[in-house]
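The file work12.cif comes next; it holds mmCIF, C-alpha atoms.
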```
data_query
#
loop_
_atom_site.group_PDB
_atom_site.id
_atom_site.type_symbol
_atom_site.label_atom_id
_atom_site.label_comp_id
_atom_site.auth_asym_id
_atom_site.auth_seq_id
_atom_site.Cartn_x
_atom_site.Cartn_y
_atom_site.Cartn_z
ATOM 1 C CA MET A 186 -8.320 152.804 103.119
ATOM 2 C CA ARG A 187 -11.837 151.559 103.830
ATOM 3 C CA ASN A 188 -12.900 152.512 100.320
ATOM 4 C CA LEU A 189 -9.951 150.605 98.890
ATOM 5 C CA LEU A 190 -10.854 147.442 100.885
ATOM 6 C CA PHE A 191 -14.474 147.746 99.790
ATOM 7 C CA LEU A 192 -13.397 148.093 96.144
ATOM 8 C CA ILE A 193 -11.134 145.030 96.400
ATOM 9 C CA SER A 194 -13.901 142.945 97.992
ATOM 10 C CA VAL A 195 -16.412 144.016 95.307
ATOM 11 C CA LEU A 196 -13.942 143.082 92.575
ATOM 12 C CA LEU A 197 -13.001 139.732 94.107
ATOM 13 C CA VAL A 198 -16.502 138.415 94.928
ATOM 14 C CA PRO A 199 -17.454 137.731 91.282
ATOM 15 C CA VAL A 200 -14.062 136.088 90.638
ATOM 16 C CA PHE A 201 -14.518 133.661 93.556
ATOM 17 C CA GLY A 202 -18.170 133.126 92.568
ATOM 18 C CA ILE A 203 -17.184 132.099 89.044
ATOM 19 C CA SER A 204 -14.376 129.789 90.205
ATOM 20 C CA GLN A 205 -16.719 128.113 92.741
ATOM 21 C CA ASP A 206 -19.248 127.480 89.916
ATOM 22 C CA ALA A 207 -16.553 126.121 87.602
ATOM 23 C CA GLU A 208 -15.354 123.795 90.379
ATOM 24 C CA SER A 209 -18.827 122.445 91.155
ATOM 25 C CA ASP A 210 -19.836 122.186 87.476
ATOM 26 C CA ARG A 211 -17.109 119.598 86.868
ATOM 27 C CA LEU A 212 -19.779 117.090 87.877
ATOM 28 C CA THR A 213 -21.792 117.791 84.725
ATOM 29 C CA GLY A 214 -21.357 115.447 81.781
ATOM 30 C CA ILE A 215 -22.243 111.897 80.792
ATOM 31 C CA TRP A 216 -21.274 109.092 83.171
ATOM 32 C CA GLU A 217 -21.476 105.308 83.107
ATOM 33 C CA PRO A 218 -22.106 103.183 86.244
ATOM 34 C CA SER A 219 -19.860 100.149 86.838
ATOM 35 C CA ASN A 220 -22.460 97.665 85.541
ATOM 36 C CA GLY A 221 -22.462 99.405 82.131
ATOM 37 C CA LYS A 222 -26.250 99.033 81.860
ATOM 38 C CA ALA A 223 -26.947 102.766 81.495
ATOM 39 C CA ARG A 224 -25.448 106.184 80.829
ATOM 40 C CA VAL A 225 -26.444 109.115 82.980
ATOM 41 C CA LYS A 226 -26.253 112.795 82.066
ATOM 42 C CA ILE A 227 -25.613 115.002 85.092
ATOM 43 C CA GLU A 228 -26.819 118.580 84.667
ATOM 44 C CA LYS A 229 -27.426 121.617 86.841
ATOM 45 C CA ILE A 230 -30.864 123.051 87.554
ATOM 46 C CA GLY A 231 -30.733 126.167 89.737
ATOM 47 C CA ALA A 232 -27.927 125.503 92.194
ATOM 48 C CA LYS A 233 -28.435 121.719 92.391
ATOM 49 C CA TYR A 234 -27.313 118.770 90.293
ATOM 50 C CA TYR A 235 -29.489 116.061 88.729
ATOM 51 C CA GLY A 236 -28.715 112.967 86.694
ATOM 52 C CA LYS A 237 -31.014 111.449 84.109
ATOM 53 C CA ILE A 238 -30.686 108.242 82.106
ATOM 54 C CA VAL A 239 -29.874 109.048 78.478
ATOM 55 C CA TRP A 240 -28.937 105.589 77.239
ATOM 56 C CA LEU A 241 -29.844 102.025 78.210
ATOM 57 C CA LYS A 242 -27.949 98.921 77.141
ATOM 58 C CA GLU A 243 -31.282 97.086 76.956
ATOM 59 C CA PRO A 244 -33.827 99.809 76.173
ATOM 60 C CA ASN A 245 -36.757 97.422 75.781
ATOM 61 C CA ASP A 246 -38.504 95.327 78.421
ATOM 62 C CA PRO A 247 -38.024 91.681 77.326
ATOM 63 C CA THR A 248 -41.519 90.722 78.487
ATOM 64 C CA THR A 249 -43.411 93.485 76.621
ATOM 65 C CA ASN A 250 -40.819 94.310 73.915
ATOM 66 C CA GLN A 251 -41.698 97.971 74.568
ATOM 67 C CA PRO A 252 -39.345 100.702 75.871
ATOM 68 C CA LYS A 253 -38.675 100.170 79.587
ATOM 69 C CA VAL A 254 -40.816 102.132 82.041
ATOM 70 C CA ASP A 255 -40.587 102.785 85.780
ATOM 71 C CA LYS A 256 -42.734 99.746 86.626
ATOM 72 C CA ASN A 257 -41.569 99.661 90.273
ATOM 73 C CA ASN A 258 -42.600 103.254 91.103
ATOM 74 C CA GLU A 259 -44.512 103.294 94.403
ATOM 75 C CA ASP A 260 -46.957 105.683 92.729
ATOM 76 C CA GLU A 261 -49.055 103.514 90.406
ATOM 77 C CA SER A 262 -50.140 106.489 88.305
ATOM 78 C CA LEU A 263 -46.502 107.227 87.364
ATOM 79 C CA ARG A 264 -45.446 103.676 86.448
ATOM 80 C CA ASN A 265 -45.707 104.604 82.796
ATOM 81 C CA THR A 266 -42.756 107.018 83.101
ATOM 82 C CA PRO A 267 -40.068 106.027 80.572
ATOM 83 C CA LEU A 268 -36.759 104.921 82.080
ATOM 84 C CA ARG A 269 -34.887 106.680 79.297
ATOM 85 C CA GLY A 270 -34.921 110.236 80.608
ATOM 86 C CA TYR A 271 -35.594 109.226 84.216
ATOM 87 C CA ARG A 272 -33.902 111.439 86.825
ATOM 88 C CA LEU A 273 -32.351 108.913 89.173
ATOM 89 C CA LEU A 274 -29.913 111.385 90.786
ATOM 90 C CA LYS A 275 -31.652 114.301 92.484
ATOM 91 C CA ASP A 276 -30.849 117.441 94.467
ATOM 92 C CA PHE A 277 -27.064 117.193 94.915
ATOM 93 C CA VAL A 278 -25.388 120.288 96.356
ATOM 94 C CA TYR A 279 -21.672 121.038 96.076
ATOM 95 C CA LYS A 280 -20.034 121.112 99.508
ATOM 96 C CA GLY A 281 -16.465 121.774 98.392
ATOM 97 C CA LYS A 282 -13.440 119.432 98.352
ATOM 98 C CA ASP A 283 -14.787 117.457 95.355
ATOM 99 C CA GLU A 284 -17.947 116.360 97.225
ATOM 100 C CA TRP A 285 -21.617 116.762 96.331
ATOM 101 C CA SER A 286 -24.119 115.690 98.975
ATOM 102 C CA ASP A 287 -27.717 115.952 100.306
ATOM 103 C CA GLY A 288 -28.925 114.116 97.189
ATOM 104 C CA THR A 289 -30.817 110.910 96.494
ATOM 105 C CA ILE A 290 -30.315 108.018 94.097
ATOM 106 C CA TYR A 291 -33.152 105.882 92.744
ATOM 107 C CA ASP A 292 -32.788 102.229 91.838
ATOM 108 C CA PRO A 293 -35.376 101.483 89.129
ATOM 109 C CA GLU A 294 -34.778 97.743 89.522
ATOM 110 C CA ASN A 295 -36.474 97.724 92.951
ATOM 111 C CA GLY A 296 -38.187 101.139 93.144
ATOM 112 C CA SER A 297 -36.121 102.215 96.170
ATOM 113 C CA THR A 298 -34.670 105.666 96.798
ATOM 114 C CA TYR A 299 -31.516 106.051 98.874
ATOM 115 C CA LYS A 300 -29.733 109.046 100.357
ATOM 116 C CA SER A 301 -26.585 109.660 98.391
ATOM 117 C CA ASN A 302 -23.256 111.477 98.257
ATOM 118 C CA ILE A 303 -20.855 111.861 95.347
ATOM 119 C CA LYS A 304 -17.082 112.080 95.593
ATOM 120 C CA MET A 305 -15.005 112.974 92.533
ATOM 121 C CA LYS A 306 -11.826 110.885 92.673
ATOM 122 C CA ASP A 307 -10.417 112.453 89.509
ATOM 123 C CA ALA A 308 -11.847 114.368 86.538
ATOM 124 C CA ASN A 309 -13.186 111.130 85.021
ATOM 125 C CA THR A 310 -14.115 109.025 88.070
ATOM 126 C CA LEU A 311 -16.956 109.360 90.571
ATOM 127 C CA GLU A 312 -17.649 107.374 93.710
ATOM 128 C CA ILE A 313 -21.400 107.391 94.286
ATOM 129 C CA ARG A 314 -22.516 106.175 97.699
ATOM 130 C CA GLY A 315 -26.120 105.200 98.381
ATOM 131 C CA TYR A 316 -27.334 104.513 101.914
ATOM 132 C CA ILE A 317 -30.335 104.258 104.201
ATOM 133 C CA GLY A 318 -30.082 106.150 107.489
ATOM 134 C CA VAL A 319 -26.410 106.018 108.416
ATOM 135 C CA GLU A 320 -23.855 106.642 105.673
ATOM 136 C CA ALA A 321 -21.644 103.846 106.982
ATOM 137 C CA LEU A 322 -24.352 101.328 106.054
ATOM 138 C CA GLY A 323 -24.393 101.728 102.310
ATOM 139 C CA ARG A 324 -22.861 100.765 99.005
ATOM 140 C CA THR A 325 -20.459 102.650 96.761
ATOM 141 C CA ASP A 326 -20.383 102.387 92.987
ATOM 142 C CA VAL A 327 -17.700 103.779 90.686
ATOM 143 C CA TRP A 328 -18.887 105.727 87.656
ATOM 144 C CA LYS A 329 -16.669 106.649 84.703
ATOM 145 C CA ARG A 330 -16.991 109.729 82.529
ATOM 146 C CA LEU A 331 -17.899 108.875 78.963
ATOM 147 C CA GLU A 332 -15.963 111.639 77.258
ATOM 148 C CA VAL A 333 -12.648 111.432 79.072
ATOM 149 C CA LYS A 334 -11.190 114.795 80.149
ATOM 150 C CA LYS A 335 -7.422 115.134 80.028
ATOM 151 C CA MET B 244 -66.954 120.242 138.442
ATOM 152 C CA LYS B 245 -63.765 122.255 138.213
ATOM 153 C CA TYR B 246 -62.134 119.347 136.412
ATOM 154 C CA SER B 247 -64.907 119.100 133.776
ATOM 155 C CA LEU B 248 -64.743 122.874 133.209
ATOM 156 C CA PHE B 249 -61.004 122.560 132.745
ATOM 157 C CA LEU B 250 -61.466 119.752 130.189
ATOM 158 C CA SER B 251 -64.130 121.746 128.304
ATOM 159 C CA ALA B 252 -61.804 124.741 128.141
ATOM 160 C CA LEU B 253 -58.979 122.544 126.850
ATOM 161 C CA PHE B 254 -61.297 121.099 124.193
ATOM 162 C CA LEU B 255 -62.358 124.596 123.070
ATOM 163 C CA ILE B 256 -58.718 125.718 122.861
ATOM 164 C CA PHE B 257 -57.933 122.614 120.798
ATOM 165 C CA LEU B 258 -60.853 123.283 118.426
ATOM 166 C CA SER B 259 -59.928 126.936 117.955
ATOM 167 C CA SER B 260 -56.302 126.018 117.234
ATOM 168 C CA CYS B 261 -57.378 123.610 114.502
ATOM 169 C CA GLY B 262 -59.342 126.235 112.599
ATOM 170 C CA THR B 263 -61.532 125.462 109.633
ATOM 171 C CA GLU B 264 -60.158 123.247 106.893
ATOM 172 C CA ILE B 265 -60.639 124.777 103.441
ATOM 173 C CA LYS B 266 -60.053 123.257 100.001
ATOM 174 C CA LYS B 267 -59.420 125.556 97.020
ATOM 175 C CA ASN B 268 -57.797 125.268 93.615
ATOM 176 C CA TYR B 269 -54.704 127.190 92.534
ATOM 177 C CA ILE B 270 -54.446 127.633 88.779
ATOM 178 C CA ILE B 271 -51.377 128.411 86.686
ATOM 179 C CA ASN B 272 -52.296 129.413 83.148
ATOM 180 C CA ASP B 273 -50.051 129.647 80.090
ATOM 181 C CA VAL B 274 -46.717 129.388 81.831
ATOM 182 C CA LYS B 275 -43.967 129.289 79.179
ATOM 183 C CA LEU B 276 -41.718 126.212 79.457
ATOM 184 C CA PHE B 277 -38.553 126.688 77.445
ATOM 185 C CA ALA B 278 -35.427 124.833 76.273
ATOM 186 C CA GLU B 279 -32.775 126.535 74.199
ATOM 187 C CA GLY B 280 -31.774 124.780 70.965
ATOM 188 C CA PRO B 281 -30.049 123.059 69.356
ATOM 189 C CA LEU B 282 -31.548 120.002 71.031
ATOM 190 C CA PHE B 283 -30.608 116.377 70.489
ATOM 191 C CA ASP B 284 -32.475 113.091 70.219
ATOM 192 C CA GLY B 285 -33.543 111.920 73.673
ATOM 193 C CA PRO B 286 -34.846 113.565 76.842
ATOM 194 C CA ASN B 287 -34.499 117.379 76.897
ATOM 195 C CA THR B 288 -35.361 119.690 79.782
ATOM 196 C CA LEU B 289 -37.752 122.632 79.466
ATOM 197 C CA GLN B 290 -37.928 124.966 82.453
ATOM 198 C CA ALA B 291 -39.899 127.871 83.876
ATOM 199 C CA ASN B 292 -39.409 129.809 87.091
ATOM 200 C CA TYR B 293 -42.705 130.622 88.730
ATOM 201 C CA SER B 294 -43.516 132.925 91.640
ATOM 202 C CA LEU B 295 -46.364 131.628 93.767
ATOM 203 C CA ASP B 296 -49.171 134.045 94.606
ATOM 204 C CA LEU B 297 -51.183 132.380 97.349
ATOM 205 C CA ALA B 298 -53.146 135.574 97.982
ATOM 206 C CA SER B 299 -54.884 135.022 94.645
ATOM 207 C CA VAL B 300 -56.507 131.936 96.187
ATOM 208 C CA ASP B 301 -57.345 133.523 99.520
ATOM 209 C CA PRO B 302 -55.890 136.782 100.902
ATOM 210 C CA ALA B 303 -55.882 135.152 104.348
ATOM 211 C CA LEU B 304 -53.909 132.090 103.195
ATOM 212 C CA VAL B 305 -50.436 131.922 104.701
ATOM 213 C CA GLN B 306 -47.813 129.322 103.800
ATOM 214 C CA GLU B 307 -47.641 127.874 107.337
ATOM 215 C CA ASN B 308 -51.337 126.915 107.211
ATOM 216 C CA ILE B 309 -51.057 124.734 104.105
ATOM 217 C CA LYS B 310 -51.885 121.101 104.934
ATOM 218 C CA SER B 311 -51.528 119.504 101.505
ATOM 219 C CA VAL B 312 -51.180 120.400 97.827
ATOM 220 C CA LYS B 313 -51.993 117.982 95.053
ATOM 221 C CA LEU B 314 -51.720 118.387 91.275
ATOM 222 C CA VAL B 315 -55.140 117.693 89.755
ATOM 223 C CA LYS B 316 -54.617 118.845 86.164
ATOM 224 C CA ALA B 317 -51.554 119.167 83.932
ATOM 225 C CA GLN B 318 -52.023 120.244 80.350
ATOM 226 C CA ILE B 319 -49.238 121.086 77.889
ATOM 227 C CA SER B 320 -49.953 122.763 74.569
ATOM 228 C CA THR B 321 -47.883 123.679 71.529
ATOM 229 C CA SER B 322 -48.361 126.056 68.612
ATOM 230 C CA ASP B 323 -45.923 124.012 66.469
ATOM 231 C CA SER B 324 -47.581 122.809 63.244
ATOM 232 C CA LEU B 325 -46.172 119.326 63.951
ATOM 233 C CA GLY B 326 -47.826 119.236 67.369
ATOM 234 C CA PHE B 327 -46.139 116.646 69.551
ATOM 235 C CA ASP B 328 -45.428 114.288 66.637
ATOM 236 C CA ARG B 329 -41.678 114.336 67.387
ATOM 237 C CA ILE B 330 -42.105 113.947 71.151
ATOM 238 C CA ARG B 331 -42.253 110.433 72.615
ATOM 239 C CA SER B 332 -43.202 111.397 76.176
ATOM 240 C CA LEU B 333 -43.558 114.300 78.616
ATOM 241 C CA VAL B 334 -42.691 114.154 82.325
ATOM 242 C CA PHE B 335 -43.628 117.091 84.585
ATOM 243 C CA GLN B 336 -41.651 117.829 87.764
ATOM 244 C CA ALA B 337 -41.103 120.729 90.165
ATOM 245 C CA THR B 338 -38.388 121.809 92.575
ATOM 246 C CA SER B 339 -37.115 124.868 94.449
ATOM 247 C CA ALA B 340 -33.879 126.020 96.044
ATOM 248 C CA ASP B 341 -34.827 124.447 99.386
ATOM 249 C CA VAL B 342 -37.123 121.564 98.414
ATOM 250 C CA GLY B 343 -36.209 118.409 96.503
ATOM 251 C CA LEU B 344 -37.440 117.635 93.010
ATOM 252 C CA GLN B 345 -40.809 115.884 92.810
ATOM 253 C CA GLN B 346 -42.249 114.037 89.848
ATOM 254 C CA LEU B 347 -45.828 115.160 89.359
ATOM 255 C CA ALA B 348 -47.265 113.897 86.065
ATOM 256 C CA VAL B 349 -46.530 111.912 82.912
ATOM 257 C CA ILE B 350 -47.822 111.118 79.439
ATOM 258 C CA ASN B 351 -46.183 108.193 77.625
ATOM 259 C CA PRO B 352 -46.572 107.680 74.724
ATOM 260 C CA ILE B 353 -48.140 110.825 73.267
ATOM 261 C CA PRO B 354 -50.851 110.094 70.697
ATOM 262 C CA LYS B 355 -50.025 111.569 67.278
ATOM 263 C CA GLU B 356 -51.585 114.791 65.941
ATOM 264 C CA LEU B 357 -52.220 116.235 69.382
ATOM 265 C CA LYS B 358 -51.880 119.997 69.978
ATOM 266 C CA THR B 359 -52.647 119.665 73.665
ATOM 267 C CA ALA B 360 -51.366 116.829 75.822
ATOM 268 C CA ILE B 361 -53.091 115.947 79.077
ATOM 269 C CA LEU B 362 -50.720 114.346 81.554
ATOM 270 C CA THR B 363 -51.692 111.822 84.233
ATOM 271 C CA PRO B 364 -51.063 113.408 87.660
ATOM 272 C CA SER B 365 -49.378 111.575 90.516
ATOM 273 C CA SER B 366 -51.865 110.109 92.957
ATOM 274 C CA ILE B 367 -49.619 110.537 96.013
ATOM 275 C CA ALA B 368 -47.219 113.485 95.469
ATOM 276 C CA ASP B 369 -47.831 116.207 98.072
ATOM 277 C CA MET B 370 -46.400 119.603 97.060
ATOM 278 C CA LYS B 371 -46.992 121.184 100.481
ATOM 279 C CA GLU B 372 -43.314 122.016 101.020
ATOM 280 C CA LEU B 373 -42.958 123.452 97.502
ATOM 281 C CA PHE B 374 -45.975 125.706 98.055
ATOM 282 C CA ARG B 375 -44.313 127.067 101.188
ATOM 283 C CA GLN B 376 -41.628 128.609 98.926
ATOM 284 C CA LYS B 377 -41.902 131.966 97.194
ATOM 285 C CA GLN B 378 -40.556 130.676 93.894
ATOM 286 C CA ILE B 379 -40.574 127.229 92.316
ATOM 287 C CA THR B 380 -39.011 125.822 89.150
ATOM 288 C CA LEU B 381 -41.320 123.888 86.832
ATOM 289 C CA ILE B 382 -39.516 121.238 84.799
ATOM 290 C CA LEU B 383 -40.791 119.388 81.758
ATOM 291 C CA ASP B 384 -38.730 116.573 80.268
ATOM 292 C CA ALA B 385 -39.601 116.073 76.612
ATOM 293 C CA ASP B 386 -38.222 112.951 74.927
ATOM 294 C CA LEU B 387 -37.351 114.207 71.462
ATOM 295 C CA GLU B 388 -37.290 111.980 68.374
ATOM 296 C CA GLY B 389 -34.328 113.179 66.261
ATOM 297 C CA ASP B 390 -32.381 116.429 66.597
ATOM 298 C CA LEU B 391 -33.861 119.923 66.583
ATOM 299 C CA GLU B 392 -32.021 123.113 65.575
ATOM 300 C CA GLU B 393 -34.583 125.482 67.108
ATOM 301 C CA ASN B 394 -35.676 126.208 70.663
ATOM 302 C CA LEU B 395 -38.507 124.194 72.159
ATOM 303 C CA GLU B 396 -41.333 126.116 73.800
ATOM 304 C CA TYR B 397 -44.595 124.847 75.273
ATOM 305 C CA LEU B 398 -47.357 126.431 77.307
ATOM 306 C CA GLY B 399 -48.376 124.752 80.545
ATOM 307 C CA ASN B 400 -51.714 124.926 82.338
ATOM 308 C CA PHE B 401 -51.740 123.413 85.805
ATOM 309 C CA GLU B 402 -54.332 123.116 88.538
ATOM 310 C CA PHE B 403 -53.468 122.300 92.145
ATOM 311 C CA GLU B 404 -55.811 121.479 94.996
ATOM 312 C CA ILE B 405 -54.704 123.232 98.188
ATOM 313 C CA VAL B 406 -56.034 122.161 101.587
ATOM 314 C CA TYR B 407 -55.341 124.688 104.343
ATOM 315 C CA ASN B 408 -56.502 125.789 107.744
ATOM 316 C CA GLN B 409 -58.175 129.126 108.120
ATOM 317 C CA LYS B 410 -57.662 130.485 111.616
#
```

Give the structure from the file, written as structure tokens.
Amino acid sequence: MRNLLFLISVLLVPVFGISQDAESDRLTGIWEPSNGKARVKIEKIGAKYYGKIVWLKEPNDPTTNQPKVDKNNEDESLRNTPLRGYRLLKDFVYKGKDEWSDGTIYDPENGSTYKSNIKMKDANTLEIRGYIGVEALGRTDVWKRLEVKK
Amino acid sequence: MKYSLFLSALFLIFLSSCGTEIKKNYIINDVKLFAEGPLFDGPNTLQANYSLDLASVDPALVQENIKSVKLVKAQISTSDSLGFDRIRSLVFQATSADVGLQQLAVINPIPKELKTAILTPSSIADMKELFRQKQITLILDADLEGDLEENLEYLGNFEFEIVYNQK
């Protein structure tokens, strides 16, 4: 009997592992914030999720006419980092029930980083909340998936 | 008298607990950063998992005694005949399972006809927490001009300055 239970558990662990990965990987893809100024590709590195800018509505800085860079970075030596490719979502971990948390979101317009959580409302809609300190004191933005899943 | 002896003893205990501060460099040579093709125009991610070997710096160095770690040199080289001619920029980052991703160096734009790109390191990023892990993931974002059918593979040479206490 014990051997049978052991065999069942060994067989089921990979099945649950795969389904957990498939559930959390629904976050990957290309998403557009509500202001439509950028498109962000969310991908998985290790067990965490990251989002980088892959498209900008206005790719060039109007003052320099050169591709936009992270001019508000607190680290002066990194202000030359291109915004196209910038990882503004970092270190999100899937917590179950369509929620990814423990991450941060960076606002290149002011150089600020906020704690952040992501809630998937449906397969094509994310609610991304950024906050400082307490989660109640924050702002939520709705992102739409670019390639709509049916 | 007793009081001054007590204070002296406290001071000696404090000094011995601080230990000696040592500064040494940790070097990673020829680590292979890889992205599987096909790759598309825009930023693509090359990765390498790397196991830290602090004993190579100092057999007595333990993770808990690390005070700060700073990237001082980041050099990426390619054996591709085109060099970096199709790459607009390179951004170097690192992360681990338990520590958040940190941006460490950048080169933007990359001068043409280079075979080796030298990135500008961050002046403030402290990798202390990353160096307290056994394994870290090195990440290189390469902004590709046009699509590429093949894999992308670069070699990275990195030098870190570690400050630690020797007790």

Shell of 12 Å around Ser299 (chain B), all atoms listed in the file, local chain residues under 3 positions omitted, as number ranges by chain: B: 267-271, 294-296, 302-305

Could the residues of region 254-332 of chain B that have an atom at most 10 Å from region 344-350 of chain B be listed as CSV, each with its closest atom pair and the distance in Å to one decimal, counting all atoms listed in the file and ordered by chain and ascending residue number?
```
residue,atom,partner,partner_atom,distance
B:Lys313,CA,B:Leu347,CA,8.9
B:Leu314,CA,B:Leu347,CA,7.0
B:Val315,CA,B:Ala348,CA,9.5
B:Lys316,CA,B:Ala348,CA,8.9
B:Ala317,CA,B:Ala348,CA,7.1
B:Gln318,CA,B:Ala348,CA,9.8
B:Arg331,CA,B:Ile350,CA,8.8
B:Ser332,CA,B:Ile350,CA,5.7
```

Reference answer for the PyMOL selection byres ((chain A) within 7 of (chain B)), as a PyMOL selection string: chain A and resi 239+260+262-263+265-266+270+275-276

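Put simply, the PyMOL selection byres ((chain A and resi 283) around 6) in this file takes in Gly281, Lys282, Glu284, Lys304 and Met305 of chain A.
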
Residues returned when the PyMOL selection byres ((chain A and resi 216-223) around 10) runs on this file, as a VMD selection string: chain A and resid 212 to 215 224 to 227 236 to 244 269 309 to 313 326 to 333

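Proximity to Asp273 (chain B) at 12 Å, evaluated using all atoms listed in the file and with sequence-adjacent residues fewer than 3 positions away removed, yields Ile270, Leu276, Ala291, Tyr293, Ala317, Gln318, Ile319, Ser320, Thr321, Glu396, Tyr397, Leu398, Gly399, Asn400, Phe401 and Glu402 of chain B.
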
Atomic separation - CA of Arg272 (chain A) relative to CA of Glu279 (chain B), Å: 19.7 Å

Separation of CA of Lys256 (chain A) from CA of Tyr271 (chain A), in Å and rounded to one decimal: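 Between CA of Lys256 (chain A) and CA of Tyr271 (chain A) the gap is 12.1 Å.
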
Closest of B:Gln306, B:Asn394, B:Gln376, B:Ser311 to Ala337 (chain B) - atom-to-atom distances counting all atoms listed in the file: B:Gln376

CA of Glu356 (chain B) to CA of Asp328 (chain B), straight-line distance in Å: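 Value for the CA of Asp328 (chain B)-CA of Glu356 (chain B) distance: 6.2 Å.
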
Nearest-residue call for Lys233 (chain A), choices A:Arg264, A:Lys253, A:Lys280, A:Arg324, using all atoms listed in the file: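 Checking each of A:Arg264, A:Lys253, A:Lys280, A:Arg324 against Lys233 (chain A), counting all atoms listed in the file, the winner is A:Lys280.
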
Starting from the sparse input, extend region 359-371 of chain B to N, CA and C atoms and give the output as a compact mmCIF listing (two decimals), keeping the file's coordinate frame.
```
# COMPACT_ATOMS: atom_id res chain seq x y z
N THR B 359 -52.63 119.52 72.22
CA THR B 359 -52.65 119.66 73.67
C THR B 359 -52.55 118.28 74.30
N ALA B 360 -51.55 118.12 75.16
CA ALA B 360 -51.37 116.83 75.82
C ALA B 360 -51.84 116.94 77.27
N ILE B 361 -52.63 115.97 77.68
CA ILE B 361 -53.09 115.95 79.08
C ILE B 361 -52.33 114.86 79.81
N LEU B 362 -51.58 115.27 80.82
CA LEU B 362 -50.72 114.35 81.55
C LEU B 362 -51.49 113.71 82.71
N THR B 363 -51.08 112.49 83.08
CA THR B 363 -51.69 111.82 84.23
C THR B 363 -50.99 112.29 85.50
N PRO B 364 -51.73 112.92 86.44
CA PRO B 364 -51.06 113.41 87.66
C PRO B 364 -50.74 112.28 88.64
N SER B 365 -49.72 112.52 89.45
CA SER B 365 -49.38 111.58 90.52
C SER B 365 -50.54 111.47 91.49
N SER B 366 -50.76 110.26 92.00
CA SER B 366 -51.86 110.11 92.96
C SER B 366 -51.40 110.34 94.40
N ILE B 367 -50.07 110.40 94.61
CA ILE B 367 -49.62 110.54 96.01
C ILE B 367 -48.72 111.75 96.27
N ALA B 368 -48.18 112.39 95.23
CA ALA B 368 -47.22 113.48 95.47
C ALA B 368 -47.89 114.66 96.18
N ASP B 369 -47.33 115.06 97.31
CA ASP B 369 -47.83 116.21 98.07
C ASP B 369 -46.83 117.36 97.91
N MET B 370 -47.29 118.46 97.35
CA MET B 370 -46.40 119.60 97.06
C MET B 370 -46.42 120.66 98.17
N LYS B 371 -46.86 120.24 99.35
CA LYS B 371 -46.99 121.18 100.48
C LYS B 371 -45.72 122.00 100.70
```
